[in-house]
>>> print(open('final37.cif').read())   # mmCIF, C-alpha atoms and all ligand atoms
data_final
#
loop_
_atom_site.label_atom_id
_atom_site.label_comp_id
_atom_site.auth_asym_id
_atom_site.auth_seq_id
_atom_site.Cartn_x
_atom_site.Cartn_y
_atom_site.Cartn_z
CA MET O 1 -6.12 -14.12 17.65
CA ARG O 2 -6.50 -10.86 15.74
CA ILE O 3 -3.45 -8.65 15.88
CA LEU O 4 -2.57 -5.41 14.24
CA LEU O 5 0.90 -3.92 13.70
CA ILE O 6 1.33 -0.18 13.31
CA GLY O 7 4.55 1.65 12.60
CA PRO O 8 6.31 3.95 10.16
CA PRO O 9 7.95 2.48 7.05
CA GLY O 10 11.22 0.92 8.21
CA ALA O 11 10.04 0.03 11.71
CA GLY O 12 10.19 -3.69 10.90
CA LYS O 13 6.44 -4.41 10.73
CA GLY O 14 6.84 -6.83 7.83
CA THR O 15 9.56 -8.87 9.55
CA GLN O 16 7.64 -9.08 12.82
CA ALA O 17 4.34 -9.85 11.08
CA GLU O 18 6.00 -12.74 9.26
CA LYS O 19 7.48 -14.15 12.49
CA LEU O 20 4.20 -13.75 14.38
CA ALA O 21 2.17 -15.37 11.61
CA ALA O 22 4.48 -18.42 11.61
CA HIS O 23 4.45 -18.60 15.40
CA LEU O 24 0.68 -18.25 15.82
CA LYS O 25 -0.15 -20.20 12.62
CA ILE O 26 -2.48 -17.53 11.29
CA PRO O 27 -2.14 -15.59 8.02
CA ARG O 28 -0.33 -12.31 7.70
CA ILE O 29 -2.20 -9.84 5.55
CA THR O 30 -0.02 -7.08 4.13
CA THR O 31 -1.82 -4.40 2.14
CA GLY O 32 1.40 -3.13 0.54
CA ASP O 33 2.13 -6.62 -0.87
CA LEU O 34 -1.45 -7.03 -2.12
CA PHE O 35 -1.25 -3.68 -3.91
CA ARG O 36 2.22 -4.36 -5.37
CA LYS O 37 1.05 -7.71 -6.72
CA ALA O 38 -2.00 -6.06 -8.30
CA VAL O 39 0.26 -3.44 -9.95
CA GLN O 40 2.62 -6.15 -11.22
CA ASN O 41 -0.31 -8.13 -12.70
CA LYS O 42 -1.77 -4.95 -14.22
CA SER O 43 -5.17 -5.95 -12.79
CA PRO O 44 -7.98 -3.34 -12.63
CA LEU O 45 -7.07 -2.78 -8.95
CA GLY O 46 -3.41 -2.44 -9.90
CA LEU O 47 -4.15 0.20 -12.52
CA LYS O 48 -6.26 2.09 -9.99
CA VAL O 49 -3.57 2.19 -7.28
CA GLN O 50 -0.30 2.37 -9.24
CA SER O 51 0.11 6.15 -9.13
CA TYR O 52 -0.50 6.25 -5.35
CA LEU O 53 2.18 3.61 -4.73
CA GLU O 54 4.72 5.36 -6.94
CA LYS O 55 4.24 8.64 -5.10
CA GLY O 56 4.21 7.03 -1.65
CA ALA O 57 0.69 8.41 -1.13
CA LEU O 58 -2.12 6.51 0.58
CA VAL O 59 -4.63 4.62 -1.54
CA PRO O 60 -8.18 5.96 -0.83
CA ASP O 61 -9.88 4.35 2.18
CA LYS O 62 -12.80 2.99 0.13
CA VAL O 63 -10.47 0.98 -2.14
CA VAL O 64 -8.42 -0.31 0.80
CA LEU O 65 -11.48 -1.34 2.80
CA GLU O 66 -13.06 -3.19 -0.13
CA LEU O 67 -9.85 -5.16 -0.70
CA MET O 68 -9.34 -5.97 2.98
CA GLU O 69 -12.94 -6.92 3.71
CA GLU O 70 -12.77 -9.42 0.86
CA ARG O 71 -9.42 -10.79 2.08
CA MET O 72 -10.40 -11.06 5.76
CA ALA O 73 -13.56 -12.97 4.84
CA LYS O 74 -11.52 -15.86 3.36
CA PRO O 75 -11.62 -19.21 5.21
CA ASP O 76 -7.93 -19.09 6.23
CA CYS O 77 -8.76 -16.08 8.46
CA LYS O 78 -11.27 -18.00 10.62
CA GLU O 79 -8.83 -18.40 13.51
CA GLY O 80 -7.48 -14.88 13.17
CA PHE O 81 -4.92 -12.80 11.28
CA ILE O 82 -2.02 -10.42 11.59
CA LEU O 83 -2.73 -7.14 9.86
CA ASP O 84 0.43 -5.46 8.58
CA GLY O 85 0.03 -2.01 7.03
CA PHE O 86 -3.72 -1.75 7.60
CA PRO O 87 -5.45 0.28 8.93
CA ARG O 88 -3.45 3.36 8.07
CA THR O 89 -6.03 6.07 8.69
CA VAL O 90 -8.70 6.62 11.33
CA GLY O 91 -11.31 6.12 8.56
CA GLN O 92 -9.86 2.66 7.82
CA ALA O 93 -9.77 1.81 11.54
CA GLU O 94 -13.43 2.77 11.87
CA GLY O 95 -14.28 0.70 8.79
CA LEU O 96 -12.42 -2.29 10.24
CA GLU O 97 -14.20 -1.91 13.57
CA LYS O 98 -17.61 -1.78 11.89
CA TRP O 99 -16.80 -4.87 9.81
CA MET O 100 -15.68 -6.78 12.92
CA VAL O 101 -18.65 -5.74 15.05
CA GLN O 102 -21.01 -6.97 12.31
CA ARG O 103 -19.28 -10.37 12.58
CA GLU O 104 -19.05 -10.36 16.38
CA MET O 105 -15.27 -10.34 16.19
CA VAL O 106 -12.86 -8.45 18.41
CA LEU O 107 -9.38 -7.13 17.89
CA ASP O 108 -7.11 -8.68 20.51
CA GLN O 109 -4.00 -6.50 20.42
CA VAL O 110 -2.33 -3.66 18.60
CA PHE O 111 1.46 -3.37 18.58
CA ALA O 112 3.03 -0.05 17.68
CA LEU O 113 6.63 -0.35 16.52
CA ASP O 114 8.77 2.74 16.39
CA VAL O 115 12.24 3.72 15.15
CA PRO O 116 13.95 7.12 14.88
CA GLU O 117 13.35 8.76 11.49
CA GLU O 118 16.98 8.62 10.31
CA GLU O 119 17.20 4.91 11.13
CA ALA O 120 13.99 4.32 9.14
CA VAL O 121 15.42 6.19 6.14
CA LEU O 122 18.67 4.21 6.33
CA ARG O 123 16.82 0.89 6.57
CA ILE O 124 14.42 1.56 3.70
CA SER O 125 16.57 3.48 1.24
CA GLY O 126 19.19 0.70 1.42
CA ARG O 127 16.64 -2.01 0.71
CA ARG O 128 17.03 -3.94 -2.56
CA GLN O 129 15.21 -6.86 -4.14
CA CYS O 130 15.86 -9.37 -6.91
CA SER O 131 13.53 -8.58 -9.80
CA SER O 132 13.37 -12.30 -10.71
CA CYS O 133 13.12 -14.35 -7.50
CA GLY O 134 12.30 -11.64 -4.94
CA SER O 135 15.29 -12.33 -2.64
CA ALA O 136 15.78 -9.39 -0.27
CA TYR O 137 19.04 -7.47 0.21
CA HIS O 138 20.31 -4.35 1.93
CA THR O 139 23.21 -2.24 0.65
CA ARG O 140 24.69 -1.95 4.16
CA TYR O 141 23.45 -4.94 6.16
CA HIS O 142 23.12 -7.67 3.53
CA PRO O 143 24.55 -6.79 0.10
CA PRO O 144 24.62 -9.38 -2.69
CA LYS O 145 28.09 -10.90 -3.26
CA LYS O 146 28.32 -9.15 -6.63
CA GLU O 147 26.78 -5.68 -6.78
CA GLY O 148 23.43 -5.65 -8.55
CA VAL O 149 23.34 -9.43 -9.06
CA CYS O 150 21.19 -11.86 -7.06
CA ASP O 151 23.22 -14.54 -5.22
CA PRO O 152 20.98 -17.58 -5.81
CA CYS O 153 19.52 -16.81 -9.24
CA GLY O 154 21.76 -14.22 -10.94
CA GLY O 155 18.75 -11.94 -11.48
CA LYS O 156 18.96 -8.17 -11.44
CA VAL O 157 18.90 -6.64 -7.93
CA VAL O 158 16.90 -3.41 -7.94
CA GLN O 159 15.45 -0.76 -5.66
CA ARG O 160 11.68 -0.40 -5.28
CA LYS O 161 10.72 2.98 -6.73
CA ASP O 162 8.99 4.03 -3.53
CA ASP O 163 12.10 3.11 -1.49
CA GLU O 164 14.10 5.98 -2.99
CA GLU O 165 15.08 8.42 -0.23
CA LYS O 166 12.85 11.28 -1.39
CA THR O 167 9.79 9.04 -1.47
CA VAL O 168 10.70 7.41 1.86
CA ARG O 169 10.75 10.84 3.50
CA HIS O 170 7.34 11.57 1.98
CA ARG O 171 5.99 8.21 3.26
CA LEU O 172 7.26 9.06 6.75
CA LYS O 173 5.45 12.40 6.61
CA VAL O 174 2.25 10.66 5.48
CA TYR O 175 2.69 8.25 8.40
CA SER O 176 2.94 10.99 11.00
CA GLN O 177 -0.01 12.91 9.54
CA GLU O 178 -2.41 10.08 8.64
CA THR O 179 -1.41 6.98 10.59
CA ALA O 180 0.07 8.18 13.88
CA PRO O 181 -3.42 9.34 15.07
CA LEU O 182 -4.24 5.61 15.29
CA LEU O 183 -1.98 5.38 18.34
CA HIS O 184 -4.47 7.58 20.17
CA PHE O 185 -7.45 5.73 18.61
CA TYR O 186 -6.29 2.32 19.88
CA GLY O 187 -4.72 3.72 23.06
CA LYS O 188 -8.13 4.96 24.16
CA LYS O 189 -9.53 1.46 23.67
CA GLY O 190 -6.79 -0.04 25.86
CA LEU O 191 -5.48 -2.20 23.01
CA LEU O 192 -2.15 -0.51 22.29
CA LYS O 193 1.28 -1.86 23.27
CA LYS O 194 4.37 0.15 22.28
CA VAL O 195 7.50 -1.72 21.20
CA ASP O 196 10.97 -0.32 20.46
CA GLY O 197 11.65 -1.32 16.84
CA SER O 198 15.26 -0.12 16.79
CA GLN O 199 16.58 -3.35 18.37
CA SER O 200 17.44 -6.54 16.49
CA PRO O 201 14.51 -8.41 14.88
CA GLU O 202 15.01 -11.26 17.39
CA THR O 203 14.84 -8.93 20.42
CA VAL O 204 11.80 -7.12 19.04
CA PHE O 205 10.07 -10.46 18.48
CA LYS O 206 10.90 -11.57 22.02
CA ASN O 207 9.47 -8.33 23.39
CA ILE O 208 6.27 -8.68 21.36
CA GLY O 209 5.98 -12.33 22.46
CA SER O 210 6.19 -11.33 26.11
CA LEU O 211 3.32 -8.86 25.61
CA ILE O 212 0.95 -11.25 23.82
CA LYS O 213 -1.97 -12.11 26.04
P1 LIG O 301 4.03 -0.50 2.36
O1 LIG O 301 4.82 -1.54 1.67
O2 LIG O 301 3.23 -1.03 3.53
O3 LIG O 301 4.84 0.70 2.76
O4 LIG O 301 2.92 0.01 1.31
C1 LIG O 301 3.31 0.51 0.06
C2 LIG O 301 2.26 1.47 -0.46
O5 LIG O 301 0.99 0.81 -0.60
C3 LIG O 301 1.97 2.68 0.43
O6 LIG O 301 2.92 3.72 0.26
C4 LIG O 301 0.57 3.06 -0.07
O7 LIG O 301 0.65 3.71 -1.34
C5 LIG O 301 -0.08 1.71 -0.30
N1 LIG O 301 -0.76 1.21 0.92
C6 LIG O 301 -0.44 0.09 1.61
N2 LIG O 301 -1.27 -0.08 2.65
C7 LIG O 301 -2.15 0.95 2.61
C8 LIG O 301 -3.26 1.35 3.41
N3 LIG O 301 -3.66 0.63 4.47
N4 LIG O 301 -3.93 2.47 3.06
C9 LIG O 301 -3.57 3.20 1.98
N5 LIG O 301 -2.53 2.90 1.20
C10 LIG O 301 -1.82 1.78 1.49
#
>>> encode(input="final37.cif", output="structure tokens")
Amino acid sequence: MRILLIGPPGAGKGTQAEKLAAHLKIPRITTGDLFRKAVQNKSPLGLKVQSYLEKGALVPDKVVLELMEERMAKPDCKEGFILDGFPRTVGQAEGLEKWMVQREMVLDQVFALDVPEEEAVLRISGRRQCSSCGSAYHTRYHPPKKEGVCDPCGGKVVQRKDDEEKTVRHRLKVYSQETAPLLHFYGKKGLLKKVDGSQSPETVFKNIGSLIK
């Protein structure tokens, strides 16, 4: 099963991709995580993409496609994958299609999650993370017991630089300009299913589950 999740930042792609990957027992491939890890490790890829991530701008298609083609060719992807955050431009979608056709693979389904812009801003700009163990928090929905301190490990709870409100608004603009055209791209192919992302994660997952063929 090869599934793709599209949606603006804050629509809940990551949460749903994680649930789907566990349910279908196939890997979830998240470009944002791969890039953040590369930046953290200061690898050559990380140095190349750092400034794009900090600004909330898209990494050039060529770099993204090279990374993803290498990742999707790994043995754990034989039975399929959930793509979360890729493709994000029509150029990336065309690159993915070409790569799949060469391997006689097909994309099974594309789910488009959506939330109103203000809800997306609220969700993302309140997001926090422990800088030591990675535990996730939210200032409104799930704050740590002591402000700024991680519950299990006592590490420092911080905000991702690109989750600051100004950058979130920029990322949303980039989404509507660069990524939203993919709805038309996959709609034309009959692969697109729209899902309301403003409901609880459990309800969204149930709705996606009922649409999986
Ligand atoms: P995310 O966590 O999915 O919002 O991704 C964080 C950042 O990684 C984005 O703001 C981009 O700078 C970069 N990024 C992730 N996926 C892609 C992609 N498919 N194409 C271009 N840039 C990406």
>>> residues_around(input="final37.cif", residues="Ala180 in chain O", least_positions_apart="5", cutoff="12 Å", atoms="only C-alpha atoms", output="JSON, numbers by chain")
{"O": [6, 7, 8, 9, 87, 88, 89, 90, 93, 112, 113, 114, 172, 173, 174, 175, 185, 186, 187]}
>>> closest_atom_pairs(input="final37.cif", of="chain O", to="ligand LIG 301 (chain O)", cutoff="9 Å", atoms="all atoms listed in the file", output="Markdown table")
| residue | atom | partner | partner_atom | distance |
| --- | --- | --- | --- | --- |
| O:Pro8 | CA | O:LIG301 | O3 | 8.2 |
| O:Pro9 | CA | O:LIG301 | O3 | 5.6 |
| O:Gly10 | CA | O:LIG301 | O3 | 8.4 |
| O:Lys13 | CA | O:LIG301 | O2 | 8.6 |
| O:Gly14 | CA | O:LIG301 | O2 | 8.1 |
| O:Thr30 | CA | O:LIG301 | O2 | 6.9 |
| O:Thr31 | CA | O:LIG301 | N2 | 4.4 |
| O:Gly32 | CA | O:LIG301 | O4 | 3.6 |
| O:Asp33 | CA | O:LIG301 | O1 | 6.3 |
| O:Leu34 | CA | O:LIG301 | C6 | 8.1 |
| O:Phe35 | CA | O:LIG301 | O5 | 6.0 |
| O:Arg36 | CA | O:LIG301 | O5 | 7.1 |
| O:Val49 | CA | O:LIG301 | O7 | 7.4 |
| O:Gln50 | CA | O:LIG301 | O7 | 8.1 |
| O:Ser51 | CA | O:LIG301 | O7 | 8.2 |
| O:Tyr52 | CA | O:LIG301 | O7 | 4.9 |
| O:Leu53 | CA | O:LIG301 | O7 | 3.7 |
| O:Glu54 | CA | O:LIG301 | O7 | 7.1 |
| O:Lys55 | CA | O:LIG301 | O7 | 7.2 |
| O:Gly56 | CA | O:LIG301 | O6 | 4.0 |
| O:Ala57 | CA | O:LIG301 | O7 | 4.7 |
| O:Leu58 | CA | O:LIG301 | N5 | 3.7 |
| O:Val59 | CA | O:LIG301 | N5 | 3.9 |
| O:Pro60 | CA | O:LIG301 | C9 | 6.1 |
| O:Asp61 | CA | O:LIG301 | N4 | 6.3 |
| O:Val63 | CA | O:LIG301 | C9 | 8.3 |
| O:Val64 | CA | O:LIG301 | N4 | 5.7 |
| O:Leu65 | CA | O:LIG301 | N3 | 8.2 |
| O:Met68 | CA | O:LIG301 | N3 | 8.8 |
| O:Asp84 | CA | O:LIG301 | O2 | 7.3 |
| O:Gly85 | CA | O:LIG301 | O2 | 4.8 |
| O:Phe86 | CA | O:LIG301 | N3 | 3.9 |
| O:Pro87 | CA | O:LIG301 | N3 | 4.8 |
| O:Arg88 | CA | O:LIG301 | N3 | 4.5 |
| O:Thr89 | CA | O:LIG301 | N4 | 7.0 |
| O:Gln92 | CA | O:LIG301 | N3 | 7.3 |
| O:Asp162 | CA | O:LIG301 | O6 | 7.2 |
| O:Asp163 | CA | O:LIG301 | O3 | 8.8 |
| O:Thr167 | CA | O:LIG301 | O6 | 8.9 |
| O:Val168 | CA | O:LIG301 | O6 | 8.8 |
| O:Arg171 | CA | O:LIG301 | O6 | 6.2 |
| O:Val174 | CA | O:LIG301 | O6 | 8.7 |
>>> residues_around(input="final37.cif", residues="range 197-208 of chain O", least_positions_apart="5", cutoff="12 Å", atoms="only C-alpha atoms", output="PyMOL selection string")
chain O and resi 3-23+109-120+122-123+192+213
>>> closest_residue(input="final37.cif", among="O:Asp196, O:Leu191, O:Arg140, O:Lys37", to="Ile212 in chain O", atoms="only C-alpha atoms")
O:Leu191
>>> decode(input="final37.cif", residues="range 85-193 of chain O", atoms="C-alpha atoms", output="PDB file, in the first residue's frame")
ATOM      1  CA  GLY O  85       5.259  15.991   3.715  1.00  0.00           C
ATOM      2  CA  PHE O  86       6.330  14.822   0.262  1.00  0.00           C
ATOM      3  CA  PRO O  87       5.620  15.690  -2.510  1.00  0.00           C
ATOM      4  CA  ARG O  88       5.116  19.361  -1.821  1.00  0.00           C
ATOM      5  CA  THR O  89       5.317  20.767  -5.341  1.00  0.00           C
ATOM      6  CA  VAL O  90       4.027  19.614  -8.722  1.00  0.00           C
ATOM      7  CA  GLY O  91       7.690  19.110  -9.756  1.00  0.00           C
ATOM      8  CA  GLN O  92       8.184  16.691  -6.830  1.00  0.00           C
ATOM      9  CA  ALA O  93       4.928  14.875  -7.672  1.00  0.00           C
ATOM     10  CA  GLU O  94       6.079  14.435 -11.266  1.00  0.00           C
ATOM     11  CA  GLY O  95       9.468  13.194 -10.058  1.00  0.00           C
ATOM     12  CA  LEU O  96       7.768  10.700  -7.740  1.00  0.00           C
ATOM     13  CA  GLU O  97       5.508   9.483 -10.529  1.00  0.00           C
ATOM     14  CA  LYS O  98       8.456   8.962 -12.882  1.00  0.00           C
ATOM     15  CA  TRP O  99      10.366   7.056 -10.186  1.00  0.00           C
ATOM     16  CA  MET O 100       7.365   4.811  -9.502  1.00  0.00           C
ATOM     17  CA  VAL O 101       6.593   4.140 -13.169  1.00  0.00           C
ATOM     18  CA  GLN O 102      10.215   3.057 -13.698  1.00  0.00           C
ATOM     19  CA  ARG O 103       9.681   0.491 -10.911  1.00  0.00           C
ATOM     20  CA  GLU O 104       6.189  -0.528 -12.020  1.00  0.00           C
ATOM     21  CA  MET O 105       4.736   0.799  -8.781  1.00  0.00           C
ATOM     22  CA  VAL O 106       1.466   2.644  -8.310  1.00  0.00           C
ATOM     23  CA  LEU O 107       0.267   5.138  -5.758  1.00  0.00           C
ATOM     24  CA  ASP O 108      -2.844   3.726  -4.091  1.00  0.00           C
ATOM     25  CA  GLN O 109      -4.385   6.733  -2.366  1.00  0.00           C
ATOM     26  CA  VAL O 110      -3.844  10.369  -1.532  1.00  0.00           C
ATOM     27  CA  PHE O 111      -5.494  11.885   1.538  1.00  0.00           C
ATOM     28  CA  ALA O 112      -5.802  15.647   1.773  1.00  0.00           C
ATOM     29  CA  LEU O 113      -6.267  16.908   5.328  1.00  0.00           C
ATOM     30  CA  ASP O 114      -7.480  20.423   5.873  1.00  0.00           C
ATOM     31  CA  VAL O 115      -7.986  22.810   8.798  1.00  0.00           C
ATOM     32  CA  PRO O 116      -8.919  26.504   8.906  1.00  0.00           C
ATOM     33  CA  GLU O 117      -5.846  28.772   8.865  1.00  0.00           C
ATOM     34  CA  GLU O 118      -6.336  30.186  12.382  1.00  0.00           C
ATOM     35  CA  GLU O 119      -6.670  26.684  13.842  1.00  0.00           C
ATOM     36  CA  ALA O 120      -3.440  25.670  12.071  1.00  0.00           C
ATOM     37  CA  VAL O 121      -1.618  28.700  13.515  1.00  0.00           C
ATOM     38  CA  LEU O 122      -2.922  27.938  17.011  1.00  0.00           C
ATOM     39  CA  ARG O 123      -1.912  24.280  16.769  1.00  0.00           C
ATOM     40  CA  ILE O 124       1.597  24.923  15.450  1.00  0.00           C
ATOM     41  CA  SER O 125       2.629  28.070  17.290  1.00  0.00           C
ATOM     42  CA  GLY O 126       1.708  26.391  20.606  1.00  0.00           C
ATOM     43  CA  ARG O 127       3.786  23.312  19.840  1.00  0.00           C
ATOM     44  CA  ARG O 128       6.798  22.662  22.098  1.00  0.00           C
ATOM     45  CA  GLN O 129       9.372  19.900  22.329  1.00  0.00           C
ATOM     46  CA  CYS O 130      11.905  18.668  24.875  1.00  0.00           C
ATOM     47  CA  SER O 131      15.384  19.442  23.572  1.00  0.00           C
ATOM     48  CA  SER O 132      16.754  16.314  25.316  1.00  0.00           C
ATOM     49  CA  CYS O 133      14.254  13.456  24.866  1.00  0.00           C
ATOM     50  CA  GLY O 134      11.972  14.872  22.161  1.00  0.00           C
ATOM     51  CA  SER O 135       8.720  14.579  24.180  1.00  0.00           C
ATOM     52  CA  ALA O 136       6.002  16.684  22.548  1.00  0.00           C
ATOM     53  CA  TYR O 137       3.921  19.353  24.320  1.00  0.00           C
ATOM     54  CA  HIS O 138       1.429  22.074  23.493  1.00  0.00           C
ATOM     55  CA  THR O 139       1.055  25.296  25.478  1.00  0.00           C
ATOM     56  CA  ARG O 140      -2.752  25.022  25.405  1.00  0.00           C
ATOM     57  CA  TYR O 141      -3.614  21.348  24.938  1.00  0.00           C
ATOM     58  CA  HIS O 142      -0.759  19.553  26.697  1.00  0.00           C
ATOM     59  CA  PRO O 143       1.568  21.816  28.704  1.00  0.00           C
ATOM     60  CA  PRO O 144       4.377  20.324  30.806  1.00  0.00           C
ATOM     61  CA  LYS O 145       3.601  20.263  34.556  1.00  0.00           C
ATOM     62  CA  LYS O 146       6.286  22.895  35.165  1.00  0.00           C
ATOM     63  CA  GLU O 147       6.623  25.545  32.469  1.00  0.00           C
ATOM     64  CA  GLY O 148       9.637  24.982  30.238  1.00  0.00           C
ATOM     65  CA  VAL O 149      10.627  21.709  31.929  1.00  0.00           C
ATOM     66  CA  CYS O 150      10.074  18.235  30.453  1.00  0.00           C
ATOM     67  CA  ASP O 151       7.912  15.959  32.657  1.00  0.00           C
ATOM     68  CA  PRO O 152       9.799  12.659  32.254  1.00  0.00           C
ATOM     69  CA  CYS O 153      13.395  13.866  31.870  1.00  0.00           C
ATOM     70  CA  GLY O 154      13.613  17.426  33.244  1.00  0.00           C
ATOM     71  CA  GLY O 155      15.088  18.637  29.942  1.00  0.00           C
ATOM     72  CA  LYS O 156      14.463  22.083  28.520  1.00  0.00           C
ATOM     73  CA  VAL O 157      11.156  22.419  26.631  1.00  0.00           C
ATOM     74  CA  VAL O 158      11.598  24.655  23.605  1.00  0.00           C
ATOM     75  CA  GLN O 159       9.834  25.898  20.489  1.00  0.00           C
ATOM     76  CA  ARG O 160      11.057  24.863  17.033  1.00  0.00           C
ATOM     77  CA  LYS O 161      12.321  28.002  15.309  1.00  0.00           C
ATOM     78  CA  ASP O 162      10.063  27.444  12.318  1.00  0.00           C
ATOM     79  CA  ASP O 163       7.029  27.056  14.619  1.00  0.00           C
ATOM     80  CA  GLU O 164       7.133  30.731  15.611  1.00  0.00           C
ATOM     81  CA  GLU O 165       3.927  32.437  14.472  1.00  0.00           C
ATOM     82  CA  LYS O 166       5.542  34.609  11.791  1.00  0.00           C
ATOM     83  CA  THR O 167       7.228  31.608  10.183  1.00  0.00           C
ATOM     84  CA  VAL O 168       4.074  29.478  10.497  1.00  0.00           C
ATOM     85  CA  ARG O 169       2.133  32.104   8.540  1.00  0.00           C
ATOM     86  CA  HIS O 170       4.852  32.068   5.886  1.00  0.00           C
ATOM     87  CA  ARG O 171       4.735  28.238   5.726  1.00  0.00           C
ATOM     88  CA  LEU O 172       0.954  28.405   5.240  1.00  0.00           C
ATOM     89  CA  LYS O 173       1.424  30.845   2.362  1.00  0.00           C
ATOM     90  CA  VAL O 174       4.030  28.558   0.794  1.00  0.00           C
ATOM     91  CA  TYR O 175       1.549  25.685   1.177  1.00  0.00           C
ATOM     92  CA  SER O 176      -1.246  27.470  -0.651  1.00  0.00           C
ATOM     93  CA  GLN O 177       1.073  28.647  -3.441  1.00  0.00           C
ATOM     94  CA  GLU O 178       3.276  25.577  -3.964  1.00  0.00           C
ATOM     95  CA  THR O 179       1.515  22.550  -2.492  1.00  0.00           C
ATOM     96  CA  ALA O 180      -2.219  23.163  -2.869  1.00  0.00           C
ATOM     97  CA  PRO O 181      -1.941  22.706  -6.698  1.00  0.00           C
ATOM     98  CA  LEU O 182      -1.290  19.031  -5.898  1.00  0.00           C
ATOM     99  CA  LEU O 183      -4.957  18.682  -4.947  1.00  0.00           C
ATOM    100  CA  HIS O 184      -5.809  19.301  -8.589  1.00  0.00           C
ATOM    101  CA  PHE O 185      -2.896  17.112  -9.786  1.00  0.00           C
ATOM    102  CA  TYR O 186      -4.082  14.065  -7.808  1.00  0.00           C
ATOM    103  CA  GLY O 187      -7.786  14.913  -8.164  1.00  0.00           C
ATOM    104  CA  LYS O 188      -7.461  14.584 -11.929  1.00  0.00           C
ATOM    105  CA  LYS O 189      -5.963  11.117 -11.465  1.00  0.00           C
ATOM    106  CA  GLY O 190      -8.899  10.036  -9.284  1.00  0.00           C
ATOM    107  CA  LEU O 191      -6.632   9.361  -6.300  1.00  0.00           C
ATOM    108  CA  LEU O 192      -7.644  12.189  -3.964  1.00  0.00           C
ATOM    109  CA  LYS O 193      -9.808  11.817  -0.844  1.00  0.00           C
TER     110      LYS O 193
END
